[in-house]
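The file data00.pdb comes next; it holds PDB, C-alpha atoms.
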```pdb
ATOM      1  CA  ARG A  27      12.089  13.030  11.082
ATOM      2  CA  GLN A  28      14.276  13.501   8.042
ATOM      3  CA  MET A  29      13.949  10.728   5.482
ATOM      4  CA  CYS A  30      17.293   9.496   4.189
ATOM      5  CA  ILE A  31      17.887   9.643   0.437
ATOM      6  CA  ARG A  32      17.729   5.837   0.071
ATOM      7  CA  ASP A  33      14.294   5.772   1.747
ATOM      8  CA  ARG A  34      13.140   8.695  -0.380
ATOM      9  CA  ALA A  35      14.184   6.816  -3.533
ATOM     10  CA  TYR A  36      12.283   3.766  -2.301
ATOM     11  CA  GLU A  37       9.123   5.777  -1.527
ATOM     12  CA  ILE A  38       9.143   7.501  -4.914
ATOM     13  CA  LEU A  39       9.723   4.272  -6.851
ATOM     14  CA  ARG A  40       7.144   2.342  -4.816
ATOM     15  CA  ASN A  41       4.583   5.101  -5.367
ATOM     16  CA  ARG A  42       5.265   5.008  -9.098
ATOM     17  CA  LEU A  43       4.798   1.242  -9.098
ATOM     18  CA  ASN A  44       1.572   1.498  -7.089
ATOM     19  CA  SER A  45       0.184   4.289  -9.256
ATOM     20  CA  GLY A  46       0.750   2.253 -12.406
ATOM     21  CA  GLN A  47       3.362   4.633 -13.797
ATOM     22  CA  TYR A  48       5.621   1.566 -14.050
ATOM     23  CA  LYS A  49       3.450  -1.170 -15.508
ATOM     24  CA  PRO A  50       3.938  -4.948 -15.124
ATOM     25  CA  GLY A  51       6.425  -6.238 -17.689
ATOM     26  CA  MET A  52       8.069  -2.824 -18.091
ATOM     27  CA  HIS A  53      11.870  -2.742 -18.103
ATOM     28  CA  LEU A  54      13.567  -0.193 -15.849
ATOM     29  CA  SER A  55      17.093   1.162 -15.984
ATOM     30  CA  GLU A  56      18.991   1.901 -12.777
ATOM     31  CA  ARG A  57      20.904   4.681 -14.527
ATOM     32  CA  GLN A  58      17.727   6.241 -15.971
ATOM     33  CA  LEU A  59      15.914   6.024 -12.637
ATOM     34  CA  ALA A  60      18.848   7.748 -10.918
ATOM     35  CA  GLU A  61      18.712  10.535 -13.516
ATOM     36  CA  ASP A  62      14.924  10.868 -13.189
ATOM     37  CA  LEU A  63      15.183  11.116  -9.405
ATOM     38  CA  GLY A  64      18.198  13.427  -9.478
ATOM     39  CA  MET A  65      20.163  10.996  -7.320
ATOM     40  CA  SER A  66      23.271   8.900  -7.585
ATOM     41  CA  LYS A  67      22.880   5.225  -8.448
ATOM     42  CA  THR A  68      23.717   4.102  -4.880
ATOM     43  CA  PRO A  69      20.394   5.060  -3.190
ATOM     44  CA  VAL A  70      18.464   3.919  -6.268
ATOM     45  CA  LYS A  71      20.220   0.546  -6.177
ATOM     46  CA  ALA A  72      19.355   0.172  -2.466
ATOM     47  CA  ALA A  73      15.718   1.077  -3.203
ATOM     48  CA  LEU A  74      15.594  -1.443  -6.058
ATOM     49  CA  GLU A  75      17.011  -4.168  -3.799
ATOM     50  CA  ARG A  76      14.247  -3.481  -1.284
ATOM     51  CA  LEU A  77      11.584  -3.486  -4.016
ATOM     52  CA  GLU A  78      12.946  -6.792  -5.287
ATOM     53  CA  MET A  79      12.834  -8.250  -1.778
ATOM     54  CA  GLU A  80       9.200  -7.088  -1.494
ATOM     55  CA  ARG A  81       8.526  -8.733  -4.878
ATOM     56  CA  PHE A  82       7.571  -5.585  -6.793
ATOM     57  CA  ILE A  83      10.311  -6.145  -9.363
ATOM     58  CA  ILE A  84      12.557  -8.898 -10.692
ATOM     59  CA  VAL A  85      16.248  -8.215 -11.182
ATOM     60  CA  SER A  86      18.155 -10.672 -13.356
ATOM     61  CA  PRO A  87      21.426 -10.530 -15.294
ATOM     62  CA  GLN A  88      19.631 -11.586 -18.494
ATOM     63  CA  SER A  89      16.528  -9.374 -18.385
ATOM     64  CA  GLY A  90      17.638  -6.518 -16.172
ATOM     65  CA  ILE A  91      15.013  -4.875 -13.956
ATOM     66  CA  VAL A  92      11.436  -5.853 -14.797
ATOM     67  CA  VAL A  93       8.225  -4.803 -13.039
ATOM     68  CA  ARG A  94       6.516  -7.941 -11.690
ATOM     69  CA  ARG A  95       2.908  -8.828 -12.314
ATOM     70  CA  LEU A  96       1.174 -10.104  -9.180
ATOM     71  CA  THR A  97      -0.501 -13.457  -9.662
ATOM     72  CA  ILE A  98      -4.060 -14.116  -8.528
ATOM     73  CA  GLU A  99      -2.621 -16.538  -5.959
ATOM     74  CA  GLU A 100      -0.369 -13.821  -4.513
ATOM     75  CA  MET A 101      -3.260 -11.360  -4.328
ATOM     76  CA  THR A 102      -5.399 -13.980  -2.590
ATOM     77  CA  GLU A 103      -2.647 -14.768  -0.081
ATOM     78  CA  ILE A 104      -2.179 -11.075   0.721
ATOM     79  CA  TYR A 105      -5.920 -10.629   1.313
ATOM     80  CA  GLU A 106      -6.008 -13.751   3.505
ATOM     81  CA  ILE A 107      -3.237 -12.417   5.735
ATOM     82  CA  ARG A 108      -4.986  -9.067   6.078
ATOM     83  CA  VAL A 109      -8.311 -10.723   6.936
ATOM     84  CA  ALA A 110      -6.665 -12.885   9.613
ATOM     85  CA  LEU A 111      -4.762 -10.020  11.266
ATOM     86  CA  GLU A 112      -7.579  -7.518  11.004
ATOM     87  CA  GLY A 113     -10.120  -9.986  12.355
ATOM     88  CA  PHE A 114      -8.059 -10.354  15.512
ATOM     89  CA  VAL A 115      -7.515  -6.595  15.798
ATOM     90  CA  LEU A 116     -11.188  -5.715  15.282
ATOM     91  CA  ARG A 117     -12.357  -8.320  17.822
ATOM     92  CA  SER A 118      -9.810  -6.887  20.274
ATOM     93  CA  ILE A 119     -10.955  -3.248  19.967
ATOM     94  CA  VAL A 120     -14.732  -3.796  19.928
ATOM     95  CA  GLY A 121     -16.269  -1.589  22.601
ATOM     96  CA  ARG A 122     -12.939   0.019  23.512
ATOM     97  CA  LEU A 123     -12.659   2.954  21.089
ATOM     98  CA  ASN A 124     -12.808   6.477  22.456
ATOM     99  CA  ALA A 125     -14.534   9.433  20.750
ATOM    100  CA  LYS A 126     -11.297  10.718  19.199
ATOM    101  CA  GLN A 127     -10.565   7.321  17.627
ATOM    102  CA  TRP A 128     -14.104   7.043  16.224
ATOM    103  CA  GLU A 129     -13.778  10.556  14.817
ATOM    104  CA  GLN A 130     -10.457   9.701  13.166
ATOM    105  CA  TRP A 131     -11.909   6.576  11.564
ATOM    106  CA  GLU A 132     -15.099   8.392  10.463
ATOM    107  CA  ARG A 133     -13.057  11.275   9.004
ATOM    108  CA  ASN A 134     -11.096   8.773   6.901
ATOM    109  CA  LEU A 135     -14.322   7.225   5.606
ATOM    110  CA  ALA A 136     -15.937  10.621   4.949
ATOM    111  CA  GLU A 137     -13.044  11.695   2.715
ATOM    112  CA  TYR A 138     -12.954   8.282   1.042
ATOM    113  CA  ALA A 139     -16.675   8.596   0.218
ATOM    114  CA  THR A 140     -16.016  11.787  -1.786
ATOM    115  CA  LEU A 141     -13.749   9.977  -4.257
ATOM    116  CA  ASP A 142     -14.542   8.233  -7.495
ATOM    117  CA  SER A 143     -12.663   5.780  -9.709
ATOM    118  CA  SER A 144     -11.019   8.425 -11.911
ATOM    119  CA  ASP A 145      -7.276   8.204 -12.391
ATOM    120  CA  ALA A 146      -6.857  11.509 -10.555
ATOM    121  CA  MET A 147      -8.572  10.227  -7.415
ATOM    122  CA  ARG A 148      -7.513   6.580  -7.452
ATOM    123  CA  HIS A 149      -4.138   7.206  -5.772
ATOM    124  CA  ARG A 150      -5.813   9.037  -2.871
ATOM    125  CA  ALA A 151      -8.417   6.269  -2.598
ATOM    126  CA  VAL A 152      -5.628   3.705  -2.241
ATOM    127  CA  GLU A 153      -3.945   5.822   0.464
ATOM    128  CA  LEU A 154      -7.204   6.212   2.394
ATOM    129  CA  ASP A 155      -7.922   2.487   2.101
ATOM    130  CA  ALA A 156      -4.498   1.645   3.544
ATOM    131  CA  GLU A 157      -4.982   4.186   6.352
ATOM    132  CA  PHE A 158      -8.461   2.842   7.132
ATOM    133  CA  HIS A 159      -7.079  -0.653   7.655
ATOM    134  CA  LEU A 160      -4.072   0.522   9.674
ATOM    135  CA  LEU A 161      -6.065   2.713  12.085
ATOM    136  CA  PRO A 162      -7.573  -0.180  14.111
ATOM    137  CA  CYS A 163      -4.058  -1.562  14.614
ATOM    138  CA  GLU A 164      -2.960   1.803  15.955
ATOM    139  CA  PHE A 165      -6.053   1.943  18.179
ATOM    140  CA  LEU A 166      -5.161  -1.481  19.612
ATOM    141  CA  GLY A 167      -1.653  -0.201  20.335
ATOM    142  CA  ASN A 168       0.167  -3.512  19.831
ATOM    143  CA  ARG A 169       3.516  -2.315  18.442
ATOM    144  CA  LEU A 170       4.364  -5.639  16.777
ATOM    145  CA  ILE A 171       1.000  -5.758  14.969
ATOM    146  CA  ILE A 172       1.412  -2.122  13.889
ATOM    147  CA  ASP A 173       4.920  -2.824  12.547
ATOM    148  CA  THR A 174       3.743  -5.981  10.778
ATOM    149  CA  MET A 175       0.788  -4.212   9.165
ATOM    150  CA  GLN A 176       2.956  -1.265   8.096
ATOM    151  CA  GLN A 177       5.462  -3.603   6.424
ATOM    152  CA  PHE A 178       2.644  -5.578   4.875
ATOM    153  CA  SER A 179       0.834  -2.413   3.786
ATOM    154  CA  SER A 180       3.110  -1.721   0.793
ATOM    155  CA  ARG A 181       2.216  -5.081  -0.729
ATOM    156  CA  MET A 182      -1.444  -4.563   0.072
ATOM    157  CA  VAL A 183      -1.359  -1.083  -1.503
ATOM    158  CA  HIS A 184       0.057  -2.654  -4.668
ATOM    159  CA  VAL A 185      -2.812  -5.170  -4.774
ATOM    160  CA  ILE A 186      -5.448  -2.504  -4.073
ATOM    161  CA  SER A 187      -3.984  -0.239  -6.786
ATOM    162  CA  CYS A 188      -4.215  -3.075  -9.302
ATOM    163  CA  VAL A 189      -7.781  -3.928  -8.294
ATOM    164  CA  PHE A 190      -8.984  -0.291  -8.265
ATOM    165  CA  SER A 191      -7.529   0.323 -11.731
ATOM    166  CA  GLN A 192      -9.016  -2.843 -13.233
ATOM    167  CA  VAL A 193     -12.449  -2.810 -11.533
ATOM    168  CA  PRO A 194     -14.004   0.686 -11.712
ATOM    169  CA  THR A 195     -16.797  -0.093  -9.201
ATOM    170  CA  ARG A 196     -14.370  -1.420  -6.585
ATOM    171  CA  ILE A 197     -13.861   1.965  -4.872
ATOM    172  CA  SER A 198     -17.597   2.436  -4.208
ATOM    173  CA  ASP A 199     -17.892  -1.210  -3.092
ATOM    174  CA  SER A 200     -14.925  -0.693  -0.768
ATOM    175  CA  ILE A 201     -16.571   2.377   0.785
ATOM    176  CA  LYS A 202     -19.731   0.333   1.524
ATOM    177  CA  GLU A 203     -17.605  -2.421   3.088
ATOM    178  CA  HIS A 204     -15.739   0.110   5.243
ATOM    179  CA  ARG A 205     -19.093   1.484   6.489
ATOM    180  CA  GLN A 206     -20.090  -2.062   7.450
ATOM    181  CA  ILE A 207     -16.804  -2.554   9.333
ATOM    182  CA  ILE A 208     -17.308   0.643  11.332
TER     183      ILE A 208
END
```
Serialized structure, structure tokens:
Amino acid sequence: RQMCIRDRAYEILRNRLNSGQYKPGMHLSERQLAEDLGMSKTPVKAALERLEMERFIIVSPQSGIVVRRLTIEEMTEIYEIRVALEGFVLRSIVGRLNAKQWEQWERNLAEYATLDSSDAMRHRAVELDAEFHLLPCEFLGNRLIIDTMQQFSSRMVHVISCVFSQVPTRISDSIKEHRQII
């Protein structure tokens, strides 16, 4: 399906935030972002409103647009939500996966295991981590859980990006944990 320009602006900006291209504390300009993206200010403004609602940025009349730094408490809360939802999902699918689902999950882990903590590979590691955790929800087939996890995933990706960039061994530890989950 064709992505509308507002959603494209959001995806690009969110990816730049998650990749660390826009660092916490950095000031952003709506006009400059529109120029960089080759778009009018309208879709960029809509994307920024969504990013503010998701707590990636702070928009204020005094400071303008500033990239937010996640607090330890926020990161902990995000992990706690994921653990609670995933625990339910994993208990629900135990013994019910078919060969194709196992193959899909194993393929994700196999690619993940080829990556290291270099800047070049970190973005793909974050994507594979998010996919790994979303796959069981898709296997369960509960549409509301899938929707909830997809909405929640952008915040989780932000946390994982921060952790992977600050703790070089975290990717290899994550791979071991994913093997244990499977």
Subject >> Top pick for closest residue to A:His53, considering A:Arg76, A:Met65, A:Met175, A:Arg94 and counting all atoms listed in the file >> reply: A:Arg94
Subject >> stretch 184-197 of chain A surroundings by only C-alpha atoms, 10 Å radius, close-in-sequence under 6 positions cut, as a ChimeraX atom specification >> reply: /A:40-41,43-46,82,95-98,100-102,104-105,138-139,141-145,148-149,151-153,155-156,203
**OP:** Evaluate the PyMOL selection byres ((chain A and resi 110-123) around 9) on the structure here and hand back the selected residues as a PyMOL selection string.
**Re:** chain A and resi 105-109+124-128+159-160+162-163+165-166+171+175+207
**OP:** Determine, counting all atoms listed in the file, which protein, DNA and RNA residues have an atom within 10 Å of an atom of A:Ile84; residues of the same chain fewer than 6 positions away are not included. Present the result as a ChimeraX atom specification.
**Re:** /A:51,53,74-75,77-78,90-95
Original post:
Near A:Ala35, within 8 Å and counting all atoms listed in the file, which residues show up once chain neighbours fewer than 3 positions away are dropped, as a list in words?
Top reply: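 Final neighbour list, sorted by chain and number: Ile31, Arg32, Ile38, Leu39, Leu63, Pro69, Val70 and Ala73 of chain A.
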List the spatial neighbours of A:Arg57 as a PDB file with C-alpha atoms, in the coordinates of the input - criterion: any atom at most 9 Å away, all atoms listed in the file, same-chain residues fewer than 5 positions off excluded.
```pdb
ATOM      1  CA  ASP A  62      14.924  10.868 -13.189  1.00  0.00           C
ATOM      2  CA  SER A  66      23.271   8.900  -7.585  1.00  0.00           C
ATOM      3  CA  LYS A  67      22.880   5.225  -8.448  1.00  0.00           C
ATOM      4  CA  VAL A  70      18.464   3.919  -6.268  1.00  0.00           C
TER       5      VAL A  70
END
```
Original post:
Between A:Gly167, A:Leu59, A:Lys71, A:Ile208, which one has atoms that come closest to A:Glu132, using only C-alpha atoms?
Top reply: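 Between A:Gly167, A:Leu59, A:Lys71, A:Ile208, the residue approaching A:Glu132 most closely is A:Ile208.
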Subject >> Between atom CA of A:Gln176 and atom CA of A:Glu61 - distance in Å to one decimal >> reply: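 Atom CA of A:Glu61 sits 29.2 Å away from atom CA of A:Gln176.
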Original post:
If you measure from atom CA of A:Arg34 to atom CA of A:Met147, what distance in Å do you get, rounded to one decimal?
Top reply: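 The value is 22.9 Å.
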Original post:
atom CA of A:Glu129 to atom CA of A:Thr174: how many Å, to one decimal?
Top reply: 24.4 Å
**OP:** Have a look at A:Ser180, A:Ser200, A:Asn134, A:Gln206 and name the one nearest to A:Glu80; count only C-alpha atoms.
**Re:** A:Ser180
**OP:** Could you check which of A:Leu154, A:Ile83, A:Ile201, A:Met182 is closest to A:Pro50, using only C-alpha atoms?
**Re:**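 Checking each of A:Leu154, A:Ile83, A:Ile201, A:Met182 against A:Pro50, counting only C-alpha atoms, the winner is A:Ile83.
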**OP:** Tell me which of A:Leu170, A:Ala72, A:Gln58, A:Lys49 sits closest to A:Glu37, counting all atoms listed in the file.
**Re:** A:Ala72
**OP:** Return the single residue from A:Met79, A:Leu161, A:Val85, A:Cys30 that is closest to A:Ser55, with distances computed using all atoms listed in the file.
**Re:**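 Closest to A:Ser55, using all atoms listed in the file: A:Val85.
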Generate N, CA, C and O atoms for stretch 193-206 of chain A and emit them as an mmCIF file, in the frame of the given file.
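See selection_37.cif below for the written result:
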```cif
data_model
loop_
_atom_site.group_PDB
_atom_site.id
_atom_site.type_symbol
_atom_site.label_atom_id
_atom_site.label_comp_id
_atom_site.auth_asym_id
_atom_site.auth_seq_id
_atom_site.Cartn_x
_atom_site.Cartn_y
_atom_site.Cartn_z
ATOM 1 N N VAL A 193 -11.020 -2.657 -11.839
ATOM 2 C CA VAL A 193 -12.449 -2.810 -11.533
ATOM 3 C C VAL A 193 -12.992 -1.451 -11.087
ATOM 4 O O VAL A 193 -12.878 -1.090 -9.915
ATOM 5 N N PRO A 194 -13.572 -0.680 -12.019
ATOM 6 C CA PRO A 194 -14.004 0.686 -11.712
ATOM 7 C C PRO A 194 -14.978 0.810 -10.538
ATOM 8 O O PRO A 194 -14.956 1.807 -9.835
ATOM 9 N N THR A 195 -15.821 -0.186 -10.294
ATOM 10 C CA THR A 195 -16.797 -0.093 -9.201
ATOM 11 C C THR A 195 -16.197 -0.465 -7.855
ATOM 12 O O THR A 195 -16.865 -0.344 -6.824
ATOM 13 N N ARG A 196 -14.956 -0.910 -7.827
ATOM 14 C CA ARG A 196 -14.370 -1.420 -6.585
ATOM 15 C C ARG A 196 -14.250 -0.352 -5.507
ATOM 16 O O ARG A 196 -14.391 -0.651 -4.321
ATOM 17 N N ILE A 197 -13.989 0.905 -5.881
ATOM 18 C CA ILE A 197 -13.861 1.965 -4.872
ATOM 19 C C ILE A 197 -15.193 2.151 -4.139
ATOM 20 O O ILE A 197 -15.227 2.177 -2.909
ATOM 21 N N SER A 198 -16.304 2.244 -4.878
ATOM 22 C CA SER A 198 -17.597 2.436 -4.208
ATOM 23 C C SER A 198 -17.973 1.198 -3.390
ATOM 24 O O SER A 198 -18.534 1.325 -2.298
ATOM 25 N N ASP A 199 -17.642 0.009 -3.871
ATOM 26 C CA ASP A 199 -17.892 -1.210 -3.092
ATOM 27 C C ASP A 199 -17.064 -1.208 -1.806
ATOM 28 O O ASP A 199 -17.548 -1.590 -0.743
ATOM 29 N N SER A 200 -15.820 -0.756 -1.918
ATOM 30 C CA SER A 200 -14.925 -0.693 -0.768
ATOM 31 C C SER A 200 -15.469 0.265 0.293
ATOM 32 O O SER A 200 -15.430 -0.022 1.495
ATOM 33 N N ILE A 201 -15.996 1.395 -0.145
ATOM 34 C CA ILE A 201 -16.571 2.377 0.785
ATOM 35 C C ILE A 201 -17.732 1.749 1.558
ATOM 36 O O ILE A 201 -17.828 1.894 2.789
ATOM 37 N N LYS A 202 -18.592 1.002 0.862
ATOM 38 C CA LYS A 202 -19.731 0.333 1.524
ATOM 39 C C LYS A 202 -19.205 -0.689 2.550
ATOM 40 O O LYS A 202 -19.730 -0.790 3.658
ATOM 41 N N GLU A 203 -18.181 -1.440 2.177
ATOM 42 C CA GLU A 203 -17.605 -2.421 3.088
ATOM 43 C C GLU A 203 -16.994 -1.762 4.326
ATOM 44 O O GLU A 203 -17.133 -2.251 5.443
ATOM 45 N N HIS A 204 -16.336 -0.612 4.120
ATOM 46 C CA HIS A 204 -15.739 0.110 5.243
ATOM 47 C C HIS A 204 -16.830 0.613 6.196
ATOM 48 O O HIS A 204 -16.660 0.568 7.408
ATOM 49 N N ARG A 205 -17.971 1.056 5.640
ATOM 50 C CA ARG A 205 -19.093 1.484 6.489
ATOM 51 C C ARG A 205 -19.578 0.314 7.333
ATOM 52 O O ARG A 205 -19.871 0.471 8.518
ATOM 53 N N GLN A 206 -19.642 -0.879 6.717
ATOM 54 C CA GLN A 206 -20.090 -2.062 7.450
ATOM 55 C C GLN A 206 -19.106 -2.408 8.562
ATOM 56 O O GLN A 206 -19.520 -2.809 9.650
#
```
